[in-house]
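J.: The structure file structure_15.txt (compact mmCIF, C-alpha atoms and all ligand atoms) is provided below.
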```txt
# COMPACT_ATOMS: atom_id res chain seq x y z
CA MET A 1 20.53 -37.23 -57.23
CA GLN A 2 19.02 -40.74 -56.83
CA LYS A 3 15.56 -39.22 -57.27
CA LEU A 4 16.66 -37.68 -60.56
CA HIS A 5 17.92 -41.08 -61.73
CA LYS A 6 14.56 -42.67 -60.93
CA ILE A 7 12.68 -39.94 -62.78
CA LEU A 8 14.93 -40.35 -65.81
CA ILE A 9 14.43 -44.15 -65.84
CA ILE A 10 10.63 -43.81 -65.56
CA PHE A 11 10.65 -41.15 -68.28
CA GLY A 12 12.70 -43.52 -70.50
CA ILE A 13 10.31 -46.42 -69.93
CA VAL A 14 7.28 -44.24 -70.71
CA LEU A 15 8.97 -43.00 -73.89
CA ILE A 16 9.76 -46.57 -75.08
CA LEU A 17 6.25 -47.84 -74.26
CA SER A 18 4.55 -44.96 -76.06
CA GLY A 19 6.75 -45.64 -79.11
CA VAL A 20 5.78 -49.32 -79.09
CA PHE A 21 2.06 -48.52 -78.72
CA TYR A 22 2.18 -45.84 -81.42
CA PHE A 23 3.71 -48.33 -83.87
CA ALA A 24 1.33 -51.12 -82.90
CA PHE A 25 -1.86 -49.03 -83.03
CA ASN A 26 -0.87 -47.43 -86.33
CA ARG A 27 -0.32 -50.88 -87.75
CA ALA A 28 -3.66 -52.12 -86.39
CA LEU A 29 -5.58 -49.11 -87.72
CA ALA A 30 -4.05 -49.56 -91.16
CA ASP A 31 -4.94 -53.26 -91.04
CA SER A 32 -8.54 -52.79 -90.02
CA SER A 33 -9.60 -50.83 -93.08
CA SER A 34 -7.38 -52.05 -95.91
CA LEU A 35 -6.93 -55.20 -97.91
CA GLU A 36 -3.42 -56.59 -97.63
CA VAL A 37 -2.11 -59.60 -99.52
CA SER A 38 1.45 -60.59 -98.61
CA PHE A 39 3.46 -63.24 -100.40
CA LEU A 40 5.75 -64.09 -97.50
CA ASN A 41 9.47 -64.59 -98.01
CA VAL A 42 9.69 -68.14 -96.67
CA GLY A 43 12.38 -69.35 -99.10
CA GLN A 44 11.60 -72.25 -101.42
CA GLY A 45 7.89 -72.73 -100.75
CA ASP A 46 4.54 -70.96 -100.67
CA ALA A 47 2.97 -68.87 -97.89
CA ILE A 48 0.41 -66.17 -98.57
CA LEU A 49 -1.25 -64.02 -95.93
CA ILE A 50 -4.52 -62.25 -96.72
CA GLU A 51 -5.71 -59.58 -94.28
CA THR A 52 -9.22 -58.56 -95.28
CA PRO A 53 -10.76 -55.08 -94.78
CA GLU A 54 -13.02 -56.62 -92.12
CA GLY A 55 -10.01 -57.92 -90.20
CA GLN A 56 -9.98 -61.63 -91.05
CA ASN A 57 -6.55 -63.27 -91.40
CA ILE A 58 -6.25 -66.04 -93.96
CA LEU A 59 -3.07 -68.03 -94.47
CA ILE A 60 -2.62 -70.10 -97.61
CA ASP A 61 0.26 -72.59 -97.06
CA GLY A 62 3.14 -72.14 -94.62
CA GLY A 63 6.40 -72.66 -96.49
CA PRO A 64 9.08 -75.26 -95.70
CA ASP A 65 9.97 -74.41 -92.07
CA LYS A 66 9.79 -71.98 -89.11
CA LYS A 67 10.61 -68.94 -91.28
CA VAL A 68 6.90 -68.31 -91.64
CA ILE A 69 6.72 -67.39 -87.92
CA ASP A 70 9.19 -64.50 -88.38
CA CYS A 71 7.28 -63.38 -91.46
CA LEU A 72 3.94 -63.43 -89.62
CA SER A 73 5.30 -61.47 -86.67
CA GLU A 74 6.34 -58.75 -89.14
CA GLU A 75 2.79 -58.61 -90.51
CA PHE A 76 0.77 -58.73 -87.28
CA PRO A 77 0.67 -56.43 -84.24
CA PHE A 78 2.06 -58.35 -81.26
CA TRP A 79 -1.33 -58.95 -79.61
CA ASP A 80 -2.90 -60.48 -82.70
CA ARG A 81 -2.43 -64.26 -82.66
CA THR A 82 -5.46 -65.27 -84.68
CA ILE A 83 -5.58 -66.97 -88.04
CA ASP A 84 -9.26 -67.17 -88.99
CA LEU A 85 -8.66 -69.56 -91.84
CA MET A 86 -5.69 -71.78 -92.73
CA ILE A 87 -5.66 -73.33 -96.20
CA LEU A 88 -3.30 -76.12 -97.23
CA THR A 89 -3.23 -76.33 -101.04
CA HIS A 90 -1.60 -79.78 -101.10
CA PRO A 91 0.49 -82.01 -98.79
CA HIS A 92 4.07 -81.32 -99.99
CA ASP A 93 6.64 -80.26 -97.38
CA ASP A 94 7.34 -76.83 -98.91
CA HIS A 95 3.70 -75.92 -98.22
CA VAL A 96 2.81 -77.83 -95.06
CA ARG A 97 5.83 -77.87 -92.74
CA GLY A 98 5.64 -74.23 -91.68
CA LEU A 99 1.94 -74.68 -90.93
CA ILE A 100 2.83 -77.00 -88.04
CA ASP A 101 4.67 -74.12 -86.33
CA VAL A 102 1.75 -71.80 -87.07
CA LEU A 103 -0.69 -74.23 -85.40
CA GLN A 104 1.58 -74.31 -82.33
CA ARG A 105 1.86 -70.54 -81.97
CA TYR A 106 -1.36 -69.09 -83.34
CA ASN A 107 -5.02 -69.48 -82.55
CA VAL A 108 -6.21 -71.10 -85.79
CA LYS A 109 -9.99 -71.12 -86.05
CA LYS A 110 -10.61 -73.22 -89.13
CA VAL A 111 -8.65 -75.30 -91.66
CA LEU A 112 -9.43 -76.11 -95.30
CA TYR A 113 -7.71 -78.89 -97.25
CA THR A 114 -8.55 -81.56 -99.82
CA GLY A 115 -7.97 -84.71 -97.74
CA ALA A 116 -5.63 -86.16 -100.40
CA GLU A 117 -3.51 -88.95 -98.90
CA ASP A 118 0.27 -88.87 -98.60
CA GLY A 119 2.53 -90.83 -96.29
CA ALA A 120 4.84 -87.86 -95.64
CA ALA A 121 5.76 -87.26 -91.99
CA ALA A 122 5.13 -83.49 -91.95
CA TYR A 123 1.68 -83.82 -93.49
CA ASN A 124 0.71 -86.50 -90.94
CA ALA A 125 2.08 -84.40 -88.06
CA TRP A 126 0.03 -81.42 -89.30
CA LYS A 127 -3.16 -83.49 -89.48
CA ASN A 128 -2.56 -85.01 -86.02
CA LEU A 129 -1.99 -81.59 -84.47
CA ILE A 130 -5.25 -80.27 -85.94
CA LYS A 131 -7.06 -83.25 -84.38
CA GLU A 132 -5.33 -82.69 -81.04
CA LEU A 133 -6.25 -79.00 -81.01
CA ALA A 134 -9.83 -79.83 -82.12
CA ILE A 135 -9.77 -77.25 -84.92
CA PRO A 136 -12.73 -77.49 -87.33
CA LEU A 137 -11.56 -79.04 -90.58
CA VAL A 138 -13.36 -78.50 -93.88
CA ILE A 139 -12.68 -80.73 -96.87
CA ILE A 140 -12.76 -79.06 -100.27
CA ASP A 141 -14.21 -81.43 -102.85
CA ARG A 142 -16.02 -79.00 -105.17
CA PRO A 143 -15.93 -75.32 -106.14
CA GLN A 144 -17.38 -73.08 -103.43
CA ILE A 145 -17.30 -69.55 -102.09
CA VAL A 146 -15.95 -68.35 -98.75
CA ASN A 147 -17.66 -65.10 -97.87
CA LEU A 148 -15.38 -62.47 -96.34
CA GLY A 149 -17.81 -59.59 -95.83
CA LYS A 150 -18.86 -56.70 -98.03
CA ASN A 151 -17.53 -56.95 -101.60
CA CYS A 152 -15.02 -59.57 -100.58
CA PHE A 153 -14.93 -63.32 -101.11
CA LEU A 154 -12.62 -66.23 -101.82
CA ASP A 155 -13.79 -68.33 -104.73
CA ILE A 156 -12.45 -71.88 -104.53
CA LEU A 157 -12.18 -73.05 -108.14
CA TYR A 158 -10.40 -76.38 -107.81
CA PRO A 159 -10.58 -79.30 -107.05
CA ARG A 160 -13.85 -80.08 -108.78
CA THR A 161 -14.03 -83.61 -107.32
CA SER A 162 -13.07 -85.26 -104.06
CA PHE A 163 -9.46 -86.30 -103.33
CA LEU A 164 -10.42 -87.46 -99.84
CA GLY A 165 -8.44 -90.55 -98.91
CA LYS A 166 -7.00 -90.85 -102.41
CA GLU A 167 -3.31 -91.35 -103.10
CA GLU A 168 -2.68 -89.31 -106.22
CA LYS A 169 0.51 -89.90 -108.22
CA ASN A 170 1.03 -86.19 -108.74
CA LEU A 171 0.00 -84.31 -105.61
CA ASN A 172 0.68 -80.98 -107.32
CA ASN A 173 -2.48 -81.56 -109.31
CA THR A 174 -4.56 -81.85 -106.15
CA SER A 175 -3.67 -78.22 -105.29
CA ILE A 176 -6.53 -75.99 -104.18
CA VAL A 177 -6.80 -73.15 -106.71
CA SER A 178 -8.64 -70.09 -105.43
CA LYS A 179 -9.41 -66.54 -106.45
CA LEU A 180 -9.71 -63.66 -104.04
CA ASP A 181 -12.13 -60.99 -105.22
CA CYS A 182 -12.02 -58.08 -102.81
CA ARG A 183 -12.88 -54.42 -103.42
CA GLY A 184 -12.66 -55.04 -107.15
CA ARG A 185 -9.13 -56.52 -106.91
CA LYS A 186 -8.64 -60.07 -108.08
CA PHE A 187 -5.83 -62.40 -107.04
CA LEU A 188 -5.45 -65.94 -108.42
CA PHE A 189 -3.66 -68.46 -106.18
CA THR A 190 -2.63 -71.63 -107.96
CA GLY A 191 -0.60 -73.66 -105.44
CA ASP A 192 1.59 -76.07 -107.43
CA ALA A 193 -1.13 -76.94 -109.97
CA GLU A 194 0.34 -77.95 -113.32
CA ALA A 195 -0.83 -77.63 -116.94
CA GLU A 196 -3.30 -80.53 -116.55
CA VAL A 197 -5.28 -78.57 -113.94
CA GLU A 198 -4.94 -75.38 -115.98
CA ARG A 199 -6.51 -77.21 -118.95
CA GLU A 200 -9.35 -78.51 -116.80
CA LEU A 201 -10.13 -75.01 -115.50
CA LEU A 202 -10.08 -73.62 -119.04
CA GLU A 203 -12.35 -76.40 -120.32
CA GLU A 204 -14.84 -75.68 -117.53
CA LYS A 205 -14.86 -72.03 -118.65
CA THR A 206 -14.01 -70.94 -115.11
CA ASP A 207 -13.70 -67.17 -114.74
CA LEU A 208 -9.95 -66.96 -114.27
CA ARG A 209 -9.38 -63.26 -114.97
CA ALA A 210 -7.22 -61.66 -112.28
CA ASP A 211 -5.04 -58.60 -111.69
CA ILE A 212 -2.38 -60.50 -109.80
CA LEU A 213 -1.36 -64.11 -110.36
CA LYS A 214 0.62 -66.33 -108.02
CA ILE A 215 2.61 -68.26 -110.59
CA GLY A 216 1.98 -72.01 -110.39
CA HIS A 217 4.61 -74.42 -109.03
CA HIS A 218 7.29 -71.82 -108.26
CA GLY A 219 7.77 -70.91 -111.93
CA SER A 220 8.47 -74.41 -113.21
CA ASN A 221 7.97 -75.36 -116.87
CA ASN A 222 5.11 -77.72 -116.08
CA ALA A 223 2.78 -74.84 -115.13
CA SER A 224 1.85 -71.38 -116.53
CA SER A 225 0.90 -72.50 -120.03
CA GLU A 226 0.58 -69.68 -122.52
CA TYR A 227 -3.17 -69.88 -123.07
CA PHE A 228 -3.80 -70.07 -119.30
CA LEU A 229 -1.82 -66.83 -118.83
CA GLN A 230 -3.64 -65.18 -121.72
CA ILE A 231 -7.05 -65.93 -120.23
CA ILE A 232 -6.07 -64.74 -116.74
CA SER A 233 -4.33 -61.72 -118.29
CA PRO A 234 -2.74 -60.48 -115.06
CA LYS A 235 -0.83 -57.21 -114.81
CA GLU A 236 1.44 -58.58 -112.12
CA ALA A 237 2.78 -62.01 -111.23
CA VAL A 238 4.43 -63.25 -108.05
CA ILE A 239 6.85 -66.17 -108.00
CA GLN A 240 7.35 -67.77 -104.58
CA VAL A 241 10.86 -69.09 -104.82
CA GLY A 242 14.00 -69.40 -102.67
CA ALA A 243 17.45 -68.16 -103.70
CA GLU A 244 19.59 -70.83 -105.38
CA ASN A 245 16.99 -73.58 -105.03
CA ASP A 246 17.75 -77.11 -106.25
CA PHE A 247 14.92 -77.16 -108.78
CA GLY A 248 16.01 -74.40 -111.17
CA HIS A 249 12.86 -72.43 -110.32
CA PRO A 250 11.81 -70.21 -111.95
CA THR A 251 12.81 -71.34 -115.43
CA LEU A 252 14.01 -68.94 -118.10
CA ARG A 253 11.22 -70.11 -120.38
CA ILE A 254 8.51 -69.00 -117.94
CA LEU A 255 10.27 -65.71 -117.18
CA ARG A 256 10.51 -64.94 -120.93
CA ARG A 257 6.86 -65.90 -121.44
CA LEU A 258 5.79 -63.45 -118.74
CA GLU A 259 8.03 -60.69 -120.09
CA LYS A 260 6.69 -61.19 -123.59
CA MET A 261 3.17 -60.74 -122.27
CA ASN A 262 4.18 -57.54 -120.41
CA ILE A 263 3.39 -59.02 -117.02
CA SER A 264 5.45 -57.47 -114.20
CA ILE A 265 7.33 -60.10 -112.21
CA PHE A 266 7.92 -60.06 -108.45
CA ARG A 267 9.84 -62.86 -106.75
CA ASN A 268 10.63 -63.59 -103.12
CA ASP A 269 14.29 -64.45 -103.78
CA LYS A 270 14.90 -60.97 -105.26
CA ASP A 271 12.25 -58.77 -103.65
CA GLY A 272 11.71 -60.38 -100.22
CA THR A 273 8.10 -60.41 -99.03
CA VAL A 274 5.86 -59.04 -101.81
CA ARG A 275 2.97 -57.04 -100.38
CA PHE A 276 -0.10 -55.55 -102.09
CA VAL A 277 -2.13 -53.01 -100.08
CA TYR A 278 -5.45 -51.44 -101.15
ZN ZN A 301 5.69 -76.30 -103.91
```
How does this structure look as structure tokens?
Ligand SMILES: [Zn+2]

T.:
Amino acid sequence: MQKLHKILIIFGIVLILSGVFYFAFNRALADSSSLEVSFLNVGQGDAILIETPEGQNILIDGGPDKKVIDCLSEEFPFWDRTIDLMILTHPHDDHVRGLIDVLQRYNVKKVLYTGAEDGAAAYNAWKNLIKELAIPLVIIDRPQIVNLGKNCFLDILYPRTSFLGKEEKNLNNTSIVSKLDCRGRKFLFTGDAEAEVERELLEEKTDLRADILKIGHHGSNNASSEYFLQIISPKEAVIQVGAENDFGHPTLRILRRLEKMNISIFRNDKDGTVRFVY
């Protein structure tokens, strides 16, 4: 009888393990050949994970707290702890705080940021941790391209000048704006850049056209000007916003503007994590 018990227990363990491995390998196989862009449900803040067809993991911002860790563990198989590239758009807490937890738990290979100065505690803690972990740090002070393999690149469109060591009054307008162009799909990531940056990009005749737009500054009135949206002419827009936030994001005016232009709206507070897979 005891022998039967042992056999049943072993059989159970084998069954559970094979289930876990089946799920994990399936997930890994899907990841290795497809492009996945996930707007993570981190509440009031930004966090975007790009998984490229060649297997690189890129994280743009980390949201306001530890929530990003739960979101990442839903996206990655359990053995994958590598972030090839971490990008901080600008130093505000709702973008940088979660990145501290990511640095502590993941193997981050490289970091991009603008070097703009801010006395905020979280931003300083993030910078100190990068130094401690000796992670290569690249300062973005001009448009440039990050190559991600065949038919896939990240085009950094803004800033056009250096913010290194500068204390800007409005840090939102130091946000790194980038465009992912991968397998013919185009995503525009705007951080919290406001109309002033939008104007500058339009004046420079930057190629802004994209299929999917991450709406600037969580859907606030000071971003997403009408002409900017017209030039991008996205089919879909994602608003990274927390339920019942204190800022009134997104505003009715921006929602109406998007509706009028027939742009489909996805938002983290209503839809959870918003994922595009190609
Ligand atoms: Zn923000």

J.: Using only C-alpha atoms and all ligand atoms, can you tell me which of A:Ser178, A:Ser233, A:Asn173, A:Asn107 comes closest to ligand ZN 301 (chain A)?

T.: A:Asn173

J.: Please, which residues in chain A fall within 6 Å of ligand ZN 301 (chain A) when counting only C-alpha atoms and all ligand atoms, and what is the closest atom pair and distance in Å to one decimal for each, ordered by chain then residue number, as a tab-separated table?

T.:
```
residue	atom	partner	partner_atom	distance
A:Gly45	CA	A:ZN301	ZN	5.3
A:Asp94	CA	A:ZN301	ZN	5.3
A:Asp192	CA	A:ZN301	ZN	5.4
A:His217	CA	A:ZN301	ZN	5.6
```

J.: Just write the chosen residues, C-alpha atoms, as a short mmCIF file (atom, residue, chain, number, x, y, z; two decimals), in the frame of the given file.

T.:
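Contents of selection.cif, as written:
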```cif
data_model
loop_
_atom_site.label_atom_id
_atom_site.label_comp_id
_atom_site.auth_asym_id
_atom_site.auth_seq_id
_atom_site.Cartn_x
_atom_site.Cartn_y
_atom_site.Cartn_z
CA GLY A 45 7.89 -72.73 -100.75
CA ASP A 94 7.34 -76.83 -98.91
CA ASP A 192 1.59 -76.07 -107.43
CA HIS A 217 4.61 -74.42 -109.03
#
```

J.: Name the closest residue to A:Leu258 among the candidates A:Gly242, A:Pro53, A:Gly272, A:Gly219; distances are taken between atoms, counting all atoms listed in the file.

T.: A:Gly219

J.: So how far away is atom CA of A:Lys127 from atom CA of A:Val96, in Å?

T.: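 Value for the atom CA of A:Val96-atom CA of A:Lys127 distance: 9.9 Å.
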
J.: Excluding A:Asn124 and residues on its chain fewer than 4 positions from it, collect all residues at most 12 Å away from it, counting all atoms listed in the file, and give them as a ChimeraX atom specification.

T.: /A:91-93,96-97,99-100,115-120,128-131

J.: Return the single residue from A:Glu196, A:Asp80, A:Asp181, A:Glu51 that is closest to A:Phe228, with distances computed using only C-alpha atoms.

T.: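 So, comparing all the options, the nearest one is A:Glu196.
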
J.: What's the separation between atom CA of A:Leu72 and atom CA of A:Ala134, in Å to one decimal place?

T.: 22.7 Å

J.: When you count only C-alpha atoms, which of these residues is closest to A:Leu180: A:Ile215, A:Leu252, A:Ala193, A:Leu208?

T.: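 For A:Leu180, the nearest of the given residues is A:Leu208.
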
J.: What is the atom CA of A:Ser38 to atom CA of A:Arg253 distance in Å?

T.: 25.7 Å

J.: Name the closest residue to A:Val277 among the candidates A:Ile140, A:Arg183, A:Glu198, A:Asp155; distances are taken between atoms, counting all atoms listed in the file.

T.: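 Once distances to A:Val277 are computed over all atoms listed in the file, the minimum belongs to A:Arg183.
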
J.: Could you tell me which of A:Arg160, A:Lys214, A:Ile69, A:Met86 comes closest to A:Arg105 if we count all atoms listed in the file?

T.: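 Closest candidate: A:Ile69.
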
J.: Return the padded bounding box of stretch 69-78 of chain A as AutoDock Vina command-line options: axis-aligned, built from all atoms listed in the file, 8 Å added on each side, with centre and edge lengths in Å to one decimal.

T.:
```
--center_x 4.9 --center_y -61.9 --center_z -86.4 --size_x 24.5 --size_y 27.0 --size_z 26.2
```

J.: Do a neighbour search on A:His249 at 12 Å with only C-alpha atoms, toss out local chain neighbours closer than 3 positions, and write the hits as JSON, numbers by chain.

T.: {"A": [43, 44, 45, 215, 216, 217, 218, 219, 220, 221, 222, 223, 239, 240, 241, 242, 243, 244, 245, 246, 252, 253, 254, 255, 267, 268, 269]}

J.: For A:Ser175, work out the shell of residues within 8 Å, counting only C-alpha atoms and skipping chain neighbours fewer than 6 positions away, then give it as an MDAnalysis selection string.

T.: chainID A and resid 89:90 158:159 190:193

J.: Using all atoms listed in the file, what residues lie at most 9 Å away from (-2.1, -53.1, -116.0) (file coordinates), given as a PyMOL selection string?

T.: chain A and resi 211+234-236+262-264
